[in-house]
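For reference, input-v1.csv (CSV, C-alpha atoms (C1' of nucleotides)):
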chain,number,residue,atom,x,y,z
A,3,MET,CA,175.6,96.1,-47.2
A,4,SER,CA,177.4,93.4,-49.2
A,5,LYS,CA,178.5,94.6,-52.5
A,6,SER,CA,181.4,92.4,-53.4
A,7,PRO,CA,182.9,93.2,-56.8
A,8,SER,CA,185.1,90.1,-56.9
A,9,LEU,CA,184.8,86.5,-55.9
A,10,SER,CA,186.6,86.9,-52.6
A,11,PRO,CA,185.4,90.0,-50.8
A,12,SER,CA,187.8,92.8,-50.8
A,13,GLY,CA,186.3,94.8,-48.0
A,14,LEU,CA,188.9,96.1,-45.6
A,15,ASP,CA,187.7,94.1,-42.5
A,16,VAL,CA,187.2,90.9,-44.4
A,17,VAL,CA,190.6,91.2,-46.1
A,18,GLN,CA,192.4,91.8,-42.8
A,19,ASN,CA,190.6,88.8,-41.2
A,20,ASP,CA,191.6,86.5,-44.1
A,21,ILE,CA,195.2,87.6,-43.6
A,22,ARG,CA,195.1,86.8,-39.9
A,23,LEU,CA,193.4,83.5,-40.7
A,24,ALA,CA,196.3,82.6,-42.9
A,25,GLY,CA,198.6,83.2,-39.9
A,26,LEU,CA,200.0,86.5,-40.8
A,27,ARG,CA,199.6,90.0,-39.3
A,28,ALA,CA,197.3,92.3,-41.1
A,29,THR,CA,199.6,95.2,-41.8
A,30,PRO,CA,198.7,98.1,-44.1
A,31,ALA,CA,201.1,96.9,-46.8
A,32,ARG,CA,199.6,93.4,-46.8
A,33,THR,CA,196.0,94.6,-46.7
A,34,ALA,CA,196.6,96.9,-49.6
A,35,THR,CA,198.3,94.1,-51.5
A,36,LEU,CA,195.4,91.7,-51.1
A,37,VAL,CA,192.7,94.3,-51.8
A,38,MET,CA,194.5,95.2,-55.0
A,39,LEU,CA,194.8,91.6,-56.2
A,40,ARG,CA,191.2,90.7,-55.2
A,41,GLU,CA,189.9,93.7,-57.2
A,42,SER,CA,191.9,92.8,-60.2
A,43,SER,CA,190.3,90.6,-62.8
A,44,SER,CA,193.6,89.1,-64.0
A,45,PRO,CA,197.0,88.3,-62.4
A,46,LEU,CA,199.2,91.3,-61.8
A,47,THR,CA,202.9,91.3,-62.3
A,48,HIS,CA,205.5,91.5,-59.5
A,49,SER,CA,206.2,95.1,-60.5
A,50,ASP,CA,202.6,96.2,-61.0
A,51,VAL,CA,202.1,95.5,-57.4
A,52,ALA,CA,205.4,96.9,-56.3
A,53,LYS,CA,204.8,100.1,-58.2
A,54,HIS,CA,201.4,100.6,-56.6
A,55,LEU,CA,202.6,99.9,-53.1
A,56,THR,CA,205.7,102.1,-53.6
A,57,LYS,CA,203.3,104.9,-54.3
A,58,LEU,CA,201.6,104.2,-51.0
A,59,GLY,CA,205.0,104.6,-49.3
A,60,VAL,CA,205.8,100.9,-49.0
A,61,ASP,CA,209.3,99.7,-49.7
A,62,LYS,CA,209.8,97.4,-52.6
A,63,ALA,CA,211.6,94.8,-50.5
A,64,THR,CA,208.5,94.8,-48.3
A,65,ALA,CA,206.2,94.5,-51.2
A,66,PHE,CA,208.1,91.5,-52.6
A,67,ARG,CA,208.5,89.8,-49.2
A,68,ASN,CA,204.7,90.2,-48.7
A,69,LEU,CA,203.9,88.7,-52.1
A,70,ASN,CA,206.0,85.7,-51.4
A,71,ASP,CA,204.8,85.3,-47.8
A,72,MET,CA,201.2,85.6,-48.8
A,73,ALA,CA,201.7,83.1,-51.6
A,74,ASP,CA,203.3,80.7,-49.2
A,75,ALA,CA,200.4,81.2,-46.8
A,76,GLY,CA,197.9,80.3,-49.5
A,77,LEU,CA,196.3,83.7,-50.0
A,78,LEU,CA,197.9,84.3,-53.4
A,79,ARG,CA,198.9,82.2,-56.3
A,80,ARG,CA,202.2,82.9,-58.0
A,81,THR,CA,202.1,82.2,-61.7
A,82,GLU,CA,204.5,82.5,-64.6
A,83,LEU,CA,202.9,82.6,-67.9
A,84,GLY,CA,205.9,82.3,-70.1
A,85,ASP,CA,207.1,85.8,-70.5
A,86,HIS,CA,209.7,85.7,-67.8
A,87,VAL,CA,207.5,87.8,-65.5
A,88,TRP,CA,206.1,86.8,-62.1
A,89,ARG,CA,202.4,87.3,-61.7
A,90,PHE,CA,200.2,87.0,-58.6
A,91,GLU,CA,196.5,86.5,-58.3
A,92,ALA,CA,194.3,86.2,-55.2
A,93,VAL,CA,193.2,82.7,-54.3
A,94,ASP,CA,189.5,82.4,-53.9
A,95,THR,CA,189.2,81.5,-50.3
A,96,SER,CA,185.5,81.0,-50.5
A,97,HIS,CA,186.1,78.0,-52.8
A,98,SER,CA,188.2,75.4,-51.0
A,99,ASP,CA,188.7,73.7,-54.3
A,100,ASP,CA,190.2,76.7,-56.1
A,101,SER,CA,193.2,75.1,-57.6
A,102,GLY,CA,193.7,77.5,-60.4
A,103,HIS,CA,192.3,78.1,-63.9
A,104,PRO,CA,193.8,78.3,-67.4
A,105,HIS,CA,195.3,81.6,-68.6
A,106,PHE,CA,195.7,83.1,-72.0
A,107,LEU,CA,198.8,85.3,-72.6
A,108,CYS,CA,199.0,87.6,-75.5
A,109,VAL,CA,202.6,87.4,-76.7
A,110,ASP,CA,202.3,90.8,-78.3
A,111,CYS,CA,201.0,93.1,-75.6
A,112,GLY,CA,201.4,90.8,-72.6
A,113,THR,CA,197.8,91.0,-71.5
A,114,VAL,CA,196.6,88.1,-69.5
A,115,THR,CA,193.1,86.7,-69.6
A,116,CYS,CA,191.7,84.2,-67.1
A,117,LEU,CA,189.7,81.4,-68.7
A,118,SER,CA,187.2,79.4,-66.8
A,119,ASP,CA,187.6,75.9,-68.2
A,120,VAL,CA,189.7,74.6,-71.0
A,121,ARG,CA,189.7,70.9,-71.9
A,122,LEU,CA,191.7,68.8,-74.2
A,123,THR,CA,190.3,66.4,-76.7
A,124,ALA,CA,190.2,62.8,-75.6
A,125,GLY,CA,193.1,61.9,-77.8
A,126,SER,CA,195.2,64.7,-76.5
A,127,GLN,CA,194.2,63.9,-73.0
A,128,ARG,CA,195.5,60.3,-73.5
A,129,GLN,CA,198.7,61.5,-75.2
A,130,SER,CA,199.5,63.8,-72.3
A,131,GLU,CA,198.7,61.2,-69.7
A,132,VAL,CA,201.6,59.1,-71.0
A,133,VAL,CA,203.9,61.9,-69.9
A,134,GLY,CA,202.3,62.8,-66.6
A,135,GLU,CA,199.4,64.4,-64.8
A,136,VAL,CA,198.4,67.7,-66.3
A,137,THR,CA,197.4,70.2,-63.6
A,138,GLU,CA,197.6,73.4,-65.5
A,139,ILE,CA,196.9,74.6,-69.1
A,140,LEU,CA,198.4,77.8,-70.5
A,141,LEU,CA,197.5,79.2,-73.9
A,142,ARG,CA,199.5,81.7,-75.8
A,143,GLY,CA,198.8,83.6,-78.9
A,144,HIS,CA,197.6,87.0,-80.2
A,145,CYS,CA,194.7,88.7,-78.5
A,146,ASN,CA,191.9,90.3,-80.5
A,147,ASP,CA,193.3,93.7,-79.9
A,148,CYS,CA,196.7,92.8,-81.4
A,149,ARG,CA,195.5,90.9,-84.5
B,6,MET,CA,226.2,56.7,-94.1
B,7,SER,CA,223.2,58.7,-92.9
B,8,LYS,CA,222.5,58.0,-89.3
B,9,SER,CA,220.7,61.1,-88.1
B,10,PRO,CA,219.6,60.8,-84.5
B,11,SER,CA,217.4,63.9,-84.7
B,12,LEU,CA,215.1,65.4,-87.2
B,13,SER,CA,217.6,68.0,-88.5
B,14,PRO,CA,220.9,66.4,-89.2
B,15,SER,CA,223.6,67.2,-86.6
B,16,GLY,CA,226.6,66.3,-88.8
B,17,LEU,CA,229.3,68.9,-88.6
B,18,ASP,CA,229.3,69.8,-92.2
B,19,VAL,CA,225.5,70.0,-92.4
B,20,VAL,CA,225.3,72.1,-89.3
B,21,GLN,CA,227.9,74.5,-90.5
B,22,ASN,CA,226.2,74.9,-93.8
B,23,ASP,CA,222.8,75.6,-92.1
B,24,ILE,CA,224.5,78.3,-90.0
B,25,ARG,CA,225.9,79.9,-93.1
B,26,LEU,CA,222.5,79.6,-94.9
B,27,ALA,CA,221.0,81.6,-92.0
B,28,GLY,CA,223.4,84.4,-92.7
B,29,LEU,CA,225.9,83.8,-89.9
B,30,ARG,CA,229.5,82.6,-89.8
B,31,ALA,CA,230.0,79.1,-88.8
B,32,THR,CA,232.3,79.5,-85.8
B,33,PRO,CA,233.2,76.7,-83.5
B,34,ALA,CA,231.0,78.1,-80.7
B,35,ARG,CA,228.0,78.3,-82.9
B,36,THR,CA,228.6,74.9,-84.5
B,37,ALA,CA,228.9,73.3,-81.0
B,38,THR,CA,225.7,75.1,-79.9
B,39,LEU,CA,223.6,73.9,-82.8
B,40,VAL,CA,224.9,70.4,-82.7
B,41,MET,CA,224.1,70.2,-79.0
B,42,LEU,CA,220.6,71.4,-79.5
B,43,ARG,CA,219.9,69.3,-82.5
B,44,GLU,CA,221.0,66.2,-80.6
B,45,SER,CA,218.8,67.0,-77.6
B,46,SER,CA,215.3,65.6,-77.6
B,47,SER,CA,213.9,68.5,-75.5
B,48,PRO,CA,214.6,72.2,-75.1
B,49,LEU,CA,217.7,73.1,-73.2
B,50,THR,CA,218.0,75.9,-70.7
B,51,HIS,CA,220.0,79.0,-71.3
B,52,SER,CA,222.5,77.8,-68.7
B,53,ASP,CA,222.6,74.2,-69.8
B,54,VAL,CA,224.0,75.5,-73.0
B,55,ALA,CA,226.2,78.1,-71.4
B,56,LYS,CA,227.7,75.5,-69.0
B,57,HIS,CA,228.5,73.1,-71.8
B,58,LEU,CA,230.1,75.7,-74.0
B,59,THR,CA,232.0,77.2,-71.1
B,60,LYS,CA,233.6,73.7,-70.6
B,61,LEU,CA,234.7,73.9,-74.3
B,62,GLY,CA,236.4,77.2,-73.5
B,63,VAL,CA,233.7,79.5,-74.8
B,64,ASP,CA,232.8,82.7,-72.9
B,65,LYS,CA,229.4,82.9,-71.4
B,66,ALA,CA,228.7,86.2,-73.1
B,67,THR,CA,229.5,84.6,-76.4
B,68,ALA,CA,227.3,81.6,-75.6
B,69,PHE,CA,224.3,83.9,-74.8
B,70,ARG,CA,224.9,86.2,-77.8
B,71,ASN,CA,225.0,83.2,-80.1
B,72,LEU,CA,221.8,81.7,-78.7
B,73,ASN,CA,220.0,85.0,-79.2
B,74,ASP,CA,221.5,85.6,-82.7
B,75,MET,CA,220.7,82.1,-83.9
B,76,ALA,CA,217.2,82.4,-82.5
B,77,ASP,CA,216.8,85.7,-84.4
B,78,ALA,CA,218.2,84.0,-87.5
B,79,GLY,CA,215.6,81.3,-87.3
B,80,LEU,CA,217.9,78.4,-86.4
B,81,LEU,CA,216.6,78.1,-82.9
B,82,ARG,CA,213.4,78.7,-81.1
B,83,ARG,CA,213.4,80.5,-77.7
B,84,THR,CA,210.7,79.2,-75.3
B,85,GLU,CA,209.7,80.0,-71.8
B,86,LEU,CA,207.7,77.3,-70.2
B,87,GLY,CA,206.6,79.1,-67.1
B,88,ASP,CA,209.4,78.5,-64.7
B,89,HIS,CA,211.3,81.7,-65.3
B,90,VAL,CA,214.0,79.9,-67.3
B,91,TRP,CA,214.8,80.5,-71.0
B,92,ARG,CA,215.0,77.4,-73.1
B,93,PHE,CA,216.2,76.9,-76.7
B,94,GLU,CA,215.5,74.1,-79.2
B,95,ALA,CA,216.6,73.6,-82.7
B,96,VAL,CA,214.1,74.5,-85.4
B,97,ASP,CA,213.6,71.7,-87.8
B,98,THR,CA,214.9,73.3,-91.0
B,99,SER,CA,213.8,70.3,-93.1
B,100,HIS,CA,210.2,71.2,-92.4
B,101,SER,CA,209.4,74.6,-93.6
B,102,ASP,CA,206.2,74.5,-91.5
B,103,ASP,CA,207.9,73.9,-88.2
B,104,SER,CA,206.1,76.5,-86.2
B,105,GLY,CA,206.5,74.9,-82.8
B,106,HIS,CA,204.8,72.2,-80.8
B,107,PRO,CA,203.2,71.9,-77.4
B,108,HIS,CA,205.4,71.2,-74.3
B,109,PHE,CA,204.8,69.6,-71.0
B,110,LEU,CA,206.7,71.0,-68.0
B,111,CYS,CA,207.0,69.0,-64.8
B,112,VAL,CA,206.7,71.6,-62.0
B,113,ASP,CA,208.5,69.3,-59.7
B,114,CYS,CA,211.7,68.3,-61.5
B,115,GLY,CA,211.6,70.8,-64.3
B,116,THR,CA,211.8,68.2,-67.0
B,117,VAL,CA,210.4,69.2,-70.3
B,118,THR,CA,208.7,66.9,-72.8
B,119,CYS,CA,207.8,67.8,-76.3
B,120,LEU,CA,204.3,66.7,-77.4
B,121,SER,CA,203.5,66.2,-81.1
B,122,ASP,CA,199.9,67.5,-81.2
B,123,VAL,CA,197.5,68.7,-78.5
B,124,ARG,CA,194.1,69.9,-79.3
B,125,LEU,CA,191.3,71.5,-77.4
B,126,THR,CA,187.7,70.3,-77.3
B,127,ALA,CA,185.4,72.2,-79.6
B,128,GLY,CA,183.9,74.1,-76.7
B,129,SER,CA,187.2,75.2,-75.3
B,130,GLN,CA,188.4,76.1,-78.8
B,131,ARG,CA,185.4,78.4,-79.1
B,132,GLN,CA,185.9,79.9,-75.6
B,133,SER,CA,189.5,80.7,-76.4
B,134,GLU,CA,188.7,82.2,-79.7
B,135,VAL,CA,186.7,84.9,-77.9
B,136,VAL,CA,189.9,86.1,-76.4
B,137,GLY,CA,192.3,85.7,-79.3
B,138,GLU,CA,194.1,83.4,-81.6
B,139,VAL,CA,195.9,80.6,-79.8
B,140,THR,CA,199.3,79.8,-81.3
B,141,GLU,CA,200.8,77.8,-78.5
B,142,ILE,CA,199.7,75.3,-75.9
B,143,LEU,CA,201.7,74.6,-72.7
B,144,LEU,CA,200.8,71.9,-70.2
B,145,ARG,CA,202.1,71.8,-66.7
B,146,GLY,CA,201.8,69.2,-64.1
B,147,HIS,CA,203.6,66.3,-62.5
B,148,CYS,CA,205.6,63.9,-64.7
B,149,ASN,CA,205.3,60.2,-64.1
B,150,ASP,CA,208.7,60.1,-62.4
B,151,CYS,CA,207.6,62.6,-59.8
B,152,ARG,CA,204.1,61.2,-58.9
C,7,DA,C1',193.6,100.9,-22.5
C,8,DC,C1',198.7,99.3,-21.8
C,9,DG,C1',203.0,96.6,-22.3
C,10,DC,C1',205.5,93.3,-24.1
C,11,DT,C1',207.4,90.3,-27.6
C,12,DA,C1',207.4,88.3,-32.0
C,13,DT,C1',206.6,89.8,-36.5
C,14,DT,C1',207.2,93.1,-40.0
C,15,DT,C1',209.3,97.1,-42.1
C,16,DG,C1',212.7,100.4,-44.2
C,17,DC,C1',217.0,101.0,-45.8
C,18,DA,C1',221.1,99.9,-47.9
C,19,DA,C1',224.0,96.4,-49.4
C,20,DT,C1',224.2,92.4,-52.1
C,21,DC,C1',223.2,88.8,-55.5
C,22,DG,C1',223.0,86.6,-59.9
C,23,DG,C1',221.5,86.0,-64.5
C,24,DG,C1',222.0,88.3,-68.4
C,25,DT,C1',223.9,92.1,-71.4
C,26,DT,C1',227.2,95.5,-73.3
C,27,DG,C1',231.6,98.2,-74.9
C,28,DC,C1',235.7,97.6,-76.8
C,29,DA,C1',240.0,95.9,-78.5
C,30,DA,C1',241.9,91.5,-80.3
C,31,DA,C1',241.0,87.3,-83.1
C,32,DT,C1',239.1,85.1,-87.1
C,33,DA,C1',235.7,83.5,-90.9
C,34,DG,C1',235.4,83.3,-95.5
C,35,DG,C1',234.7,86.1,-99.9
C,36,DG,C1',237.7,88.0,-103.5
D,14,DC,C1',246.6,84.6,-99.1
D,15,DC,C1',244.6,89.2,-97.8
D,16,DC,C1',241.4,92.1,-96.2
D,17,DT,C1',237.3,93.5,-93.9
D,18,DA,C1',233.2,92.6,-91.5
D,19,DT,C1',231.9,89.6,-88.0
D,20,DT,C1',232.7,87.4,-83.9
D,21,DT,C1',235.0,86.6,-79.5
D,22,DG,C1',236.9,87.3,-74.7
D,23,DC,C1',237.1,90.0,-71.0
D,24,DA,C1',235.5,93.0,-67.6
D,25,DA,C1',232.3,96.2,-66.4
D,26,DC,C1',227.8,96.9,-65.9
D,27,DC,C1',222.6,96.5,-65.5
D,28,DC,C1',218.5,95.6,-63.0
D,29,DG,C1',215.1,92.8,-60.8
D,30,DA,C1',214.9,90.4,-56.8
D,31,DT,C1',216.7,89.1,-52.1
D,32,DT,C1',218.9,89.7,-47.6
D,33,DG,C1',220.9,91.5,-42.9
D,34,DC,C1',219.9,94.3,-39.4
D,35,DA,C1',218.1,97.8,-36.4
D,36,DA,C1',213.8,100.4,-35.7
D,37,DA,C1',208.7,100.2,-35.8
D,38,DT,C1',204.4,97.9,-34.9
D,39,DA,C1',200.5,94.3,-34.7
D,40,DG,C1',198.0,92.1,-31.6
D,41,DC,C1',198.2,88.9,-27.6
D,42,DG,C1',197.6,88.8,-22.5
D,43,DT,C1',196.4,91.5,-18.7

Just dump the structure as structure tokens.
Amino acid sequence: MSKSPSLSPSGLDVVQNDIRLAGLRATPARTATLVMLRESSSPLTHSDVAKHLTKLGVDKATAFRNLNDMADAGLLRRTELGDHVWRFEAVDTSHSDDSGHPHFLCVDCGTVTCLSDVRLTAGSQRQSEVVGEVTEILLRGHCNDCR
Amino acid sequence: MSKSPSLSPSGLDVVQNDIRLAGLRATPARTATLVMLRESSSPLTHSDVAKHLTKLGVDKATAFRNLNDMADAGLLRRTELGDHVWRFEAVDTSHSDDSGHPHFLCVDCGTVTCLSDVRLTAGSQRQSEVVGEVTEILLRGHCNDCR
DNA sequence: ACGCTATTTGCAATCGGGTTGCAAATAGGG
DNA sequence: CCCTATTTGCAACCCGATTGCAAATAGCGT
């Protein structure tokens, strides 16, 4: 009975419940948004989501409002990977410590890959601590398909 | 006689010559742009530059066109550090191998710091190579002033 | 199951950063 | 100093994102 393709379950009932738990009403537009993002393996752009929802008859203003609202409510994370495009990904609600993970952005094709754990060498760690506390690492370059 | 505050000299004559060497005409707007960026220790935003030039009587369209043209000509580097804002920094023409350096972006105040050399641990290096070739590293977090 | 109210939606207008078309100004080689 | 290709200023425009408002609706209490 439980076949969850992604970390946070994307079953209709579970998704709707999570939305309500976040203090929002589980409307069709929001449910579809969260399902879509939970089933995606990498962050989706503002317009990826908007295009999909528009096809379902949802207005783009509603799509954008919901992305922002759900990000504020902690259901989504809004990221910007350096190509001037907003991306959203579902926060893993089953891990209370889900504070984000590193990303790799291909500067040629724009593809984004989520990395599990990227660390700096001790020396680089030290160098960066002089400036501040690093909470996020983003790598850019050319993905294997584009080399 | 030579007091150069930054890596590439920002003296008027030198700047104008570099612009011509890049195949562009050394207009006042361009000269002012390059001097400004060479004297800055960190990348400046699109609008930082535009605001400054506007004060000097330059139109914003011209300011933007010049930033793009000079970036295409190899005098500037255009970067996007993940806050939806374009930034430009002067390329160090005295080092032919100046292919960029890592940056740290404070997500609170937006301040950018240039880092000289950041490396990943061997394991992370390996992990990232599975995805592609990393050419750029960006760190985000809270700078010491904002903690 | 039903009403009621606060929330959410659709639509259209609006916003704002950035870009473009075009005629006038000008850099800089000859 | 001239002449032409490049660059500029200006205004119009583009487009992704946001906002105001009236109509629709989620989901609470009953």

Spatial neighbours of DA30 (chain C), max dist 12 Å, only C-alpha atoms (C1' of nucleotides), sep filter under 2 positions, as a short mmCIF file (atom, residue, chain, number, x, y, z; two decimals) with C-alpha atoms (C1' of nucleotides), in the coordinates of the input:
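Contents of out-v7.cif, freshly written:
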data_model
loop_
_atom_site.label_atom_id
_atom_site.label_comp_id
_atom_site.auth_asym_id
_atom_site.auth_seq_id
_atom_site.Cartn_x
_atom_site.Cartn_y
_atom_site.Cartn_z
"C1'" DC C 28 235.70 97.60 -76.80
"C1'" DT C 32 239.10 85.10 -87.10
"C1'" DT D 20 232.70 87.40 -83.90
"C1'" DT D 21 235.00 86.60 -79.50
"C1'" DG D 22 236.90 87.30 -74.70
"C1'" DC D 23 237.10 90.00 -71.00
#

> Near Val133 (chain A), within 10 Å and counting only C-alpha atoms (C1' of nucleotides), which residues show up once chain neighbours fewer than 5 positions away are dropped, as a PyMOL selection string?
Replying inline: (chain A and resi 128) or (chain B and resi 109-111+117-120+146-150)

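For chain C, the residues within 8 Å of chain A are DT13, DT15 and DG16 of chain C, with all atoms listed in the file used to measure distance.
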
Chain A in the frame of chain B after full C-alpha superposition, as a CSV table (one decimal) with C-alpha atoms, in the frame of the given file:
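This is the output file out.csv:
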chain,number,residue,atom,x,y,z
A,3,MET,CA,226.5,57.2,-94.7
A,4,SER,CA,223.4,59.1,-93.3
A,5,LYS,CA,222.7,58.2,-89.8
A,6,SER,CA,220.8,61.2,-88.5
A,7,PRO,CA,219.7,60.8,-84.9
A,8,SER,CA,217.5,63.8,-84.9
A,9,LEU,CA,215.1,65.5,-87.2
A,10,SER,CA,217.5,68.0,-88.5
A,11,PRO,CA,220.9,66.5,-89.2
A,12,SER,CA,223.5,67.3,-86.7
A,13,GLY,CA,226.5,66.3,-88.8
A,14,LEU,CA,229.3,68.8,-88.6
A,15,ASP,CA,229.2,69.9,-92.3
A,16,VAL,CA,225.5,70.0,-92.5
A,17,VAL,CA,225.3,72.1,-89.3
A,18,GLN,CA,227.9,74.6,-90.4
A,19,ASN,CA,226.1,74.9,-93.8
A,20,ASP,CA,222.7,75.6,-92.1
A,21,ILE,CA,224.4,78.3,-90.1
A,22,ARG,CA,225.9,80.0,-93.1
A,23,LEU,CA,222.5,79.6,-94.8
A,24,ALA,CA,220.9,81.6,-92.0
A,25,GLY,CA,223.4,84.4,-92.7
A,26,LEU,CA,225.8,83.8,-89.9
A,27,ARG,CA,229.4,82.6,-89.8
A,28,ALA,CA,230.0,79.0,-88.8
A,29,THR,CA,232.3,79.5,-85.8
A,30,PRO,CA,233.2,76.6,-83.5
A,31,ALA,CA,231.0,78.1,-80.7
A,32,ARG,CA,228.0,78.3,-82.9
A,33,THR,CA,228.5,74.9,-84.5
A,34,ALA,CA,228.8,73.3,-81.1
A,35,THR,CA,225.7,75.1,-79.9
A,36,LEU,CA,223.5,73.9,-82.8
A,37,VAL,CA,224.9,70.3,-82.7
A,38,MET,CA,224.1,70.2,-79.0
A,39,LEU,CA,220.5,71.5,-79.4
A,40,ARG,CA,219.8,69.2,-82.5
A,41,GLU,CA,220.9,66.2,-80.5
A,42,SER,CA,218.8,67.0,-77.6
A,43,SER,CA,215.3,65.6,-77.5
A,44,SER,CA,213.9,68.5,-75.4
A,45,PRO,CA,214.6,72.2,-75.1
A,46,LEU,CA,217.7,73.0,-73.1
A,47,THR,CA,218.0,75.9,-70.7
A,48,HIS,CA,220.1,79.0,-71.2
A,49,SER,CA,222.6,77.7,-68.6
A,50,ASP,CA,222.6,74.1,-69.8
A,51,VAL,CA,224.0,75.4,-73.0
A,52,ALA,CA,226.3,77.9,-71.4
A,53,LYS,CA,227.7,75.4,-69.0
A,54,HIS,CA,228.5,73.0,-71.8
A,55,LEU,CA,230.1,75.6,-74.0
A,56,THR,CA,232.1,77.1,-71.1
A,57,LYS,CA,233.6,73.7,-70.7
A,58,LEU,CA,234.6,73.8,-74.3
A,59,GLY,CA,236.4,77.1,-73.6
A,60,VAL,CA,233.7,79.4,-74.9
A,61,ASP,CA,232.8,82.5,-72.9
A,62,LYS,CA,229.4,82.8,-71.5
A,63,ALA,CA,228.7,86.2,-73.1
A,64,THR,CA,229.5,84.5,-76.4
A,65,ALA,CA,227.3,81.6,-75.7
A,66,PHE,CA,224.4,83.8,-74.8
A,67,ARG,CA,225.0,86.2,-77.8
A,68,ASN,CA,225.0,83.1,-80.1
A,69,LEU,CA,221.8,81.7,-78.6
A,70,ASN,CA,220.0,85.0,-79.2
A,71,ASP,CA,221.6,85.6,-82.7
A,72,MET,CA,220.7,82.1,-83.8
A,73,ALA,CA,217.2,82.4,-82.5
A,74,ASP,CA,216.8,85.7,-84.4
A,75,ALA,CA,218.2,84.0,-87.5
A,76,GLY,CA,215.6,81.3,-87.3
A,77,LEU,CA,217.8,78.4,-86.4
A,78,LEU,CA,216.6,78.1,-82.8
A,79,ARG,CA,213.4,78.7,-81.0
A,80,ARG,CA,213.5,80.5,-77.6
A,81,THR,CA,210.8,79.3,-75.3
A,82,GLU,CA,209.8,80.0,-71.7
A,83,LEU,CA,207.7,77.4,-70.2
A,84,GLY,CA,206.7,79.1,-67.0
A,85,ASP,CA,209.5,78.5,-64.7
A,86,HIS,CA,211.3,81.7,-65.2
A,87,VAL,CA,214.0,79.9,-67.3
A,88,TRP,CA,214.9,80.5,-70.9
A,89,ARG,CA,215.0,77.4,-73.0
A,90,PHE,CA,216.2,76.9,-76.6
A,91,GLU,CA,215.4,74.2,-79.1
A,92,ALA,CA,216.6,73.7,-82.7
A,93,VAL,CA,214.1,74.6,-85.4
A,94,ASP,CA,213.6,71.8,-87.8
A,95,THR,CA,214.8,73.3,-91.0
A,96,SER,CA,213.8,70.4,-93.0
A,97,HIS,CA,210.1,71.3,-92.3
A,98,SER,CA,209.3,74.8,-93.5
A,99,ASP,CA,206.2,74.6,-91.5
A,100,ASP,CA,207.8,73.9,-88.2
A,101,SER,CA,206.1,76.5,-86.1
A,102,GLY,CA,206.5,74.8,-82.8
A,103,HIS,CA,204.8,72.0,-80.7
A,104,PRO,CA,203.2,71.8,-77.3
A,105,HIS,CA,205.4,71.2,-74.2
A,106,PHE,CA,204.8,69.6,-70.9
A,107,LEU,CA,206.7,71.0,-67.9
A,108,CYS,CA,206.9,69.1,-64.7
A,109,VAL,CA,206.6,71.7,-62.0
A,110,ASP,CA,208.4,69.4,-59.6
A,111,CYS,CA,211.6,68.5,-61.3
A,112,GLY,CA,211.5,70.9,-64.2
A,113,THR,CA,211.8,68.3,-66.9
A,114,VAL,CA,210.4,69.3,-70.2
A,115,THR,CA,208.7,66.9,-72.6
A,116,CYS,CA,207.9,67.8,-76.2
A,117,LEU,CA,204.4,66.7,-77.3
A,118,SER,CA,203.5,66.2,-80.9
A,119,ASP,CA,199.9,67.4,-81.1
A,120,VAL,CA,197.6,68.6,-78.4
A,121,ARG,CA,194.1,69.8,-79.3
A,122,LEU,CA,191.4,71.4,-77.4
A,123,THR,CA,187.8,70.3,-77.3
A,124,ALA,CA,185.5,72.2,-79.6
A,125,GLY,CA,183.9,74.1,-76.8
A,126,SER,CA,187.2,75.1,-75.5
A,127,GLN,CA,188.4,76.0,-78.9
A,128,ARG,CA,185.4,78.4,-79.3
A,129,GLN,CA,185.9,79.8,-75.8
A,130,SER,CA,189.5,80.7,-76.5
A,131,GLU,CA,188.7,82.1,-79.9
A,132,VAL,CA,186.7,84.9,-78.3
A,133,VAL,CA,189.9,86.0,-76.7
A,134,GLY,CA,192.3,85.6,-79.6
A,135,GLU,CA,194.2,83.2,-81.8
A,136,VAL,CA,195.9,80.5,-79.9
A,137,THR,CA,199.3,79.6,-81.4
A,138,GLU,CA,200.9,77.7,-78.6
A,139,ILE,CA,199.7,75.3,-75.9
A,140,LEU,CA,201.7,74.6,-72.7
A,141,LEU,CA,200.8,72.0,-70.2
A,142,ARG,CA,202.1,71.9,-66.6
A,143,GLY,CA,201.7,69.3,-64.0
A,144,HIS,CA,203.6,66.4,-62.3
A,145,CYS,CA,205.5,64.0,-64.4
A,146,ASN,CA,205.3,60.2,-63.9
A,147,ASP,CA,208.6,60.2,-62.1
A,148,CYS,CA,207.5,62.8,-59.5
A,149,ARG,CA,204.0,61.4,-58.7

>> Residues of chain A were defined as contacting chain B if any atom lay at most 6 Å from it, counting only C-alpha atoms; please report them as a PyMOL selection string.
In response: chain A and resi 82-84+86+120-123+126+133-146

With C-alpha atoms kept, could you save the residues just selected as a compact mmCIF listing (two decimals), in the frame of the given file?
# COMPACT_ATOMS: atom_id res chain seq x y z
CA GLU A 82 204.50 82.50 -64.60
CA LEU A 83 202.90 82.60 -67.90
CA GLY A 84 205.90 82.30 -70.10
CA HIS A 86 209.70 85.70 -67.80
CA VAL A 120 189.70 74.60 -71.00
CA ARG A 121 189.70 70.90 -71.90
CA LEU A 122 191.70 68.80 -74.20
CA THR A 123 190.30 66.40 -76.70
CA SER A 126 195.20 64.70 -76.50
CA VAL A 133 203.90 61.90 -69.90
CA GLY A 134 202.30 62.80 -66.60
CA GLU A 135 199.40 64.40 -64.80
CA VAL A 136 198.40 67.70 -66.30
CA THR A 137 197.40 70.20 -63.60
CA GLU A 138 197.60 73.40 -65.50
CA ILE A 139 196.90 74.60 -69.10
CA LEU A 140 198.40 77.80 -70.50
CA LEU A 141 197.50 79.20 -73.90
CA ARG A 142 199.50 81.70 -75.80
CA GLY A 143 198.80 83.60 -78.90
CA HIS A 144 197.60 87.00 -80.20
CA CYS A 145 194.70 88.70 -78.50
CA ASN A 146 191.90 90.30 -80.50
